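Enquirer: Questions regarding the structure given below will be posed in turn.
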Amino acid sequence: MQISRKLPLAAALLTIISIGASSIVSLSIGSDAVHGQTAEKLMAVADGRRNQLETYLANVEQDLVSITQNTISRSALEGFKFDWGFIGSGAAGVLHSRYIDHNPNPDGEKQLLDSANVDSYDATHKRYHAKFRDIVDAHGYGDLMLIDMSGNVVYSVVKDRDFGVNLRSDAWRDTALASLFETVLAAEDPAASAFSDYQPYGPSQDRPTAFLGRALLNEFGIVGVAVIKMPDANLSGILANTTGLGDTGETVLLNSAGYLLVDSAKTEVNDVLATQLAPELVATVPDRDVVSANYQGYREISADLALARVDFNGANWVVAAVVDEAEASAAVISMRNMILAISLAMLVAALALSTWFSRTLTRPIDQLVGSMRRLADGDTSIDLAETGRKDEIGDMARSVAVFRDAALEKAELERRADEDRSLVEFERQEREEAKAEDARRMQEAVDQLADGLHRLSEGDLSVHLDTPFLASLDRLRIDFNTSVDKLSATLGDVSSNIDSINGDTSELSAAADNLARRTEQQAASLEETSAALDEITATVKNSSARADDASTKVGEAKQSTDKSSKVVAEAVDAMGRIETASGEISNIINVIDEIAFQTNLLALNAGVEAARAGEAGKGFAVVAQEVRELAQRSATAAKDIKDLINKSGEEVTTGVALVRQTGEALGLIASHVSDINEQISSIATAAREQATGLSEINTAVNQMDQVTQQNAAMVEEATAVTHRLNSGTAALDALVRQFTLVPGGANGAIASVRSAQFASPSAVSGSSSSGPARASTPQPQTTGSAVSVSGPDSRPVDSPARNMVNSVVRAFGTGTDAKPTTASDDDWEEF
């Protein structure tokens, strides 16, 4: 073991031995001192309580002496004895009835009744009772009784069940009170007091009771006995003082057998004559000395005791001062813990001091040994700081310095001899090391580049070569990193565009589905309109035929005026049918107005969706614009037709009125046949033109139905294209996701912004009411899967609806074609 360890251990061992021995001695002395102090304290407490008890008991006995020597007591006894004789036999029952059973005061307060006011006994009781009651209350006695020589308890303050009894009767002969009475009467000294120790007493509910008695004397001798029940509460009050005994200490009063005569405040049960404490020690306590001892078992503790005998009328009582040994030894334990703490602190300090002192000795030696080892290994750069010391360590350091200087000189000579020889070899080695370093760095560059290319081939675009290469190869690393960054950025943009296209195609698909549904509804409406127009055409043709018949009949009317009435009636019927046909045409025009309104709304929504689709929706925007223009022209033409039909209805109404007037003026038919023939000819011509116009309307509606069916097919194709576009973008997104892109950056932010710009289909539908979309540049027109772009030379196709309106106008003789007009705000309000 090294000296640096031996010295602290030796110092610690010596410290432990010295401190341990001193601690043990200190603990022994302190423990004995504490135990001695505890015993002395207990003995002092026991002696003090004994003196207090003896003084108090002496006062009690002196009070009894004063009572017995007082003439009032003797006079009271004589009076009670005299009155007792008048009560006769059974006096106990009579007195119990007056002062106990029929006493208006509750139990424990029977002494408050001064007199029963029955006979002379009550008068005597009233005369003395208040004085005796004041004595009992003032001194805390249990009772004060007067007993005559026959053993009759002629008076009692408290009025217990022993009041009025005869102590020599069979029932009371063996009681403690009867024994005390007989002891007083049998005493050699009539002036001596007698004491009856605590024992269960029947009239007091078997509570332990003690009595003190003394004879009442006159000039002739004993006339009776006065007895006091011992004041239990006052005795308990004296012993309840636990000053100087701590939390577990107490003082108790023991009889000759060691039983407690007062209740202990440290227990929950009544200990009087029930708990025993050190009976073997109580029997050995001398008269006036105080003894101390230890007792196991009382209150389930190990108790330190101090016992002192009480001198009172042969009572043979003992006062015991008791304290728990653990509490009494608390000071010893505290002192022990303090000594141990001080010893431990001294041990730690001694170890630290010895370690420091040993280090002051061993540190230079260790340093010198280390220097010698380094010198033995050939290290001549050692620093010998101990050469300046004046002790043995300095001598050793100076000796080592001699060896160091010799080694330095030898090394210098060898260095000079080898310097020239090793110079060439050193340069050659440097060149080889430089070549090896270049080869190693080149290999590292190749390995890093190969690893980066391998990760790039696996789709990892987060690869980055951070370690610089050789100067000649570092450009390759920079170009590689730049290429990967550009590729990552490009794929990031592609991924962002894929997300944007996904949103666009989803919205376009939803819009196309809605357009297809509305186009199908429009086609169904047009089919119903075509069927209605077929019926109208048949009706108009029938009207034309009837007009021709009317013209023939007018010619015949020239020949026969007899048939004119029938011709007029037929004319009236024909005009009614014409009026009905005009009403049906008005209904058809209303249907066309609704179709134009729905088509215009569809065009508005399509324009909005095309604007939202951006570049991908330009062709669809052209279609929407054309549909919108068609709807506006249809609305304008329908309005014109409606006006014409209203005028025609008015004219038909006027014609009917004229025909009726003609029927009423049959006498004038002949003169006006030529005029009627001209009118009917005009009507026939108009009916033919109406039939022709309705045929053209039917043709136009059929053309619109075909166009609508073509639009529905186009929408279905557009929907299929959007679904294929969705599939293509999904496949493209899957291809892009094969690459691991650099997280974060502008690409992700752009994709997030682009994705946030697209609303749900419900939002798109809700925005259609904001107004029509405006297109400032030509938009591509989509037909099926082919896309064409409209240019300056493009012109709209002739509208079938416009041709239909022109035909109707010509049929009604207006002579001008309907011109397309721009829908005004008033037109939309009418819609």
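Each chain in the structure tokens gets a letter, A, B and so on, in the order shown; residues start at 1 in every chain, and ligands are counted from 1 in the order they appear.
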Fewer than 6 positions away in the same chain doesn't count, so skip those; otherwise give me all residues within 12 Å of Ser544 in chain A, counting only C-alpha atoms, as a PyMOL selection string.
Expert: chain A and resi 537-538+550-551+574-575+577-578+680-692
Enquirer: Under the rule that only C-alpha atoms are counted, which of A:Asp47, A:Leu112, A:Gly583, A:Ser530 is the nearest residue to Asp289 in chain A?
Expert: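 Closest to Asp289 in chain A of all the choices is A:Asp47.
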Enquirer: When distances are computed from only C-alpha atoms, which of A:Ile365, A:Val707, A:Leu515, A:Leu732 shows the smallest separation from Leu491 in chain A?
Expert: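 Closest to Leu491 in chain A, using only C-alpha atoms: A:Leu732.
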Enquirer: Identify which of the residues A:Val318, A:Leu277, A:Ala116, A:Met442 lies closest to Asn51 in chain A, counting only C-alpha atoms when measuring atom-to-atom distances.
Expert: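 Using only C-alpha atoms, the shortest distance to Asn51 in chain A belongs to A:Val318.
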Enquirer: Out of A:Glu527, A:Glu182, A:Asp405, A:Asp643, which residue has the shortest atom-to-atom distance to Ser196 in chain A when counting only C-alpha atoms?
Expert: A:Glu182
Enquirer: Can I get the residues of range 72-122 of chain A within 12 Å of range 132-135 of chain A, each with the closest pair of atoms and their distance in Å to one decimal, using only C-alpha atoms, sorted chain first then ascending number, as a Markdown table?
Expert:
| residue | atom | partner | partner_atom | distance |
| --- | --- | --- | --- | --- |
| A:Ile72 | CA | A:Phe132 | CA | 9.9 |
| A:Ser73 | CA | A:Phe132 | CA | 8.9 |
| A:Ala76 | CA | A:Phe132 | CA | 10.1 |
| A:Glu109 | CA | A:Arg133 | CA | 11.3 |
| A:Lys110 | CA | A:Arg133 | CA | 11.1 |
| A:Gln111 | CA | A:Arg133 | CA | 7.3 |
| A:Leu112 | CA | A:Arg133 | CA | 8.5 |
| A:Leu113 | CA | A:Arg133 | CA | 10.5 |
| A:Asp114 | CA | A:Arg133 | CA | 9.7 |
Enquirer: One decimal, in Å: what's the spacing between CA of Ile147 in chain A and CA of Thr68 in chain A?
Expert: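 Distance between the two atoms: 11.8 Å.
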Enquirer: Enumerate the residues of range 205-311 of chain A with a DSSP assignment of strand (DSSP E), computed from the backbone, and present them as a VMD selection string.
Expert: chain A and resid 207 to 218 221 to 229 250 to 254 290 to 296 302 to 310
Enquirer: How many Å separate CA of Tyr259 in chain A from CA of Val272 in chain A?
Expert: 7.2 Å
Enquirer: Can you pull out the residues contacting Glu594 in chain A? Cut-off 12 Å, using only C-alpha atoms, and skip same-chain residues under 3 positions away; I want them as a PyMOL selection string.
Expert: chain A and resi 522+525-526+529+587-591+597-601+631-632+634-635+638-639+828+830-831
Enquirer: Can you write out the residues you just picked, keeping N, CA, C and O atoms, as a tab-separated table (two decimals), in the first residue's frame?
Expert:
chain	number	residue	atom	x	y	z
A	522	GLN	N	-82.79	19.47	-69.26
A	522	GLN	CA	-83.16	20.34	-70.37
A	522	GLN	C	-83.60	19.52	-71.59
A	522	GLN	O	-84.55	19.87	-72.28
A	525	SER	N	-87.06	18.40	-71.08
A	525	SER	CA	-88.01	19.51	-71.30
A	525	SER	C	-88.21	19.78	-72.79
A	525	SER	O	-89.31	20.05	-73.26
A	526	LEU	N	-87.11	19.75	-73.56
A	526	LEU	CA	-87.21	19.99	-75.01
A	526	LEU	C	-88.01	18.89	-75.69
A	526	LEU	O	-88.76	19.16	-76.66
A	529	THR	N	-91.47	19.78	-75.09
A	529	THR	CA	-91.82	20.93	-75.93
A	529	THR	C	-92.06	20.51	-77.39
A	529	THR	O	-92.99	20.98	-78.07
A	587	ASN	N	-98.65	29.66	-73.97
A	587	ASN	CA	-98.09	28.75	-72.94
A	587	ASN	C	-96.75	28.18	-73.39
A	587	ASN	O	-95.81	28.04	-72.60
A	588	ILE	N	-96.68	27.84	-74.66
A	588	ILE	CA	-95.41	27.29	-75.17
A	588	ILE	C	-94.31	28.32	-75.05
A	588	ILE	O	-93.16	28.01	-74.70
A	589	ILE	N	-94.64	29.57	-75.35
A	589	ILE	CA	-93.64	30.64	-75.24
A	589	ILE	C	-93.16	30.77	-73.79
A	589	ILE	O	-91.98	31.01	-73.51
A	590	ASN	N	-94.08	30.63	-72.84
A	590	ASN	CA	-93.67	30.67	-71.42
A	590	ASN	C	-92.68	29.55	-71.09
A	590	ASN	O	-91.70	29.74	-70.36
A	591	VAL	N	-92.94	28.37	-71.65
A	591	VAL	CA	-91.99	27.25	-71.45
A	591	VAL	C	-90.64	27.59	-72.03
A	591	VAL	O	-89.58	27.34	-71.45
A	597	PHE	N	-84.23	30.87	-69.33
A	597	PHE	CA	-83.75	31.32	-68.01
A	597	PHE	C	-82.82	30.27	-67.37
A	597	PHE	O	-81.73	30.59	-66.88
A	598	GLN	N	-83.26	29.00	-67.40
A	598	GLN	CA	-82.42	27.93	-66.84
A	598	GLN	C	-81.11	27.79	-67.60
A	598	GLN	O	-80.05	27.57	-67.02
A	599	THR	N	-81.17	27.93	-68.92
A	599	THR	CA	-79.94	27.83	-69.72
A	599	THR	C	-78.99	28.96	-69.38
A	599	THR	O	-77.77	28.78	-69.30
A	600	ASN	N	-79.54	30.16	-69.16
A	600	ASN	CA	-78.69	31.30	-68.80
A	600	ASN	C	-78.01	31.07	-67.45
A	600	ASN	O	-76.82	31.34	-67.28
A	601	LEU	N	-78.78	30.57	-66.45
A	601	LEU	CA	-78.18	30.26	-65.14
A	601	LEU	C	-77.09	29.19	-65.28
A	601	LEU	O	-76.02	29.28	-64.66
A	631	ALA	N	-78.89	31.52	-74.77
A	631	ALA	CA	-79.99	31.71	-73.82
A	631	ALA	C	-80.51	33.14	-73.87
A	631	ALA	O	-81.73	33.37	-73.80
A	632	GLN	N	-79.61	34.12	-74.01
A	632	GLN	CA	-80.05	35.51	-74.07
A	632	GLN	C	-80.87	35.76	-75.35
A	632	GLN	O	-81.91	36.44	-75.31
A	634	SER	N	-82.51	33.52	-77.03
A	634	SER	CA	-83.79	32.81	-76.89
A	634	SER	C	-84.75	33.61	-76.03
A	634	SER	O	-85.95	33.70	-76.32
A	635	ALA	N	-84.22	34.20	-74.96
A	635	ALA	CA	-85.09	35.01	-74.10
A	635	ALA	C	-85.65	36.21	-74.85
A	635	ALA	O	-86.84	36.57	-74.72
A	638	ALA	N	-88.24	35.04	-77.36
A	638	ALA	CA	-89.48	34.63	-76.66
A	638	ALA	C	-90.28	35.84	-76.24
A	638	ALA	O	-91.53	35.83	-76.30
A	639	LYS	N	-89.59	36.90	-75.82
A	639	LYS	CA	-90.30	38.12	-75.41
A	639	LYS	C	-91.02	38.73	-76.63
A	639	LYS	O	-92.19	39.14	-76.54
A	828	TRP	N	-84.21	40.64	-67.49
A	828	TRP	CA	-83.94	39.68	-66.39
A	828	TRP	C	-84.99	39.83	-65.30
A	828	TRP	O	-85.39	38.84	-64.68
A	830	GLU	N	-88.04	40.63	-65.84
A	830	GLU	CA	-89.25	39.96	-66.33
A	830	GLU	C	-89.13	38.45	-66.15
A	830	GLU	O	-90.09	37.78	-65.82
A	831	PHE	N	-87.91	37.92	-66.37
A	831	PHE	CA	-87.72	36.49	-66.16
A	831	PHE	C	-88.01	36.15	-64.71
A	831	PHE	O	-88.56	35.10	-64.42
Enquirer: Compare A:Val157, A:Val369, A:Ala439, A:Val282 by their minimum atom-to-atom distance to Tyr141 in chain A, counting only C-alpha atoms, and give me the closest one.
Expert: A:Val157
Enquirer: So which one's closest to Arg50 in chain A, A:Phe220, A:Phe357, A:Phe312, A:Phe426? Using only C-alpha atoms, please.
Expert: A:Phe312
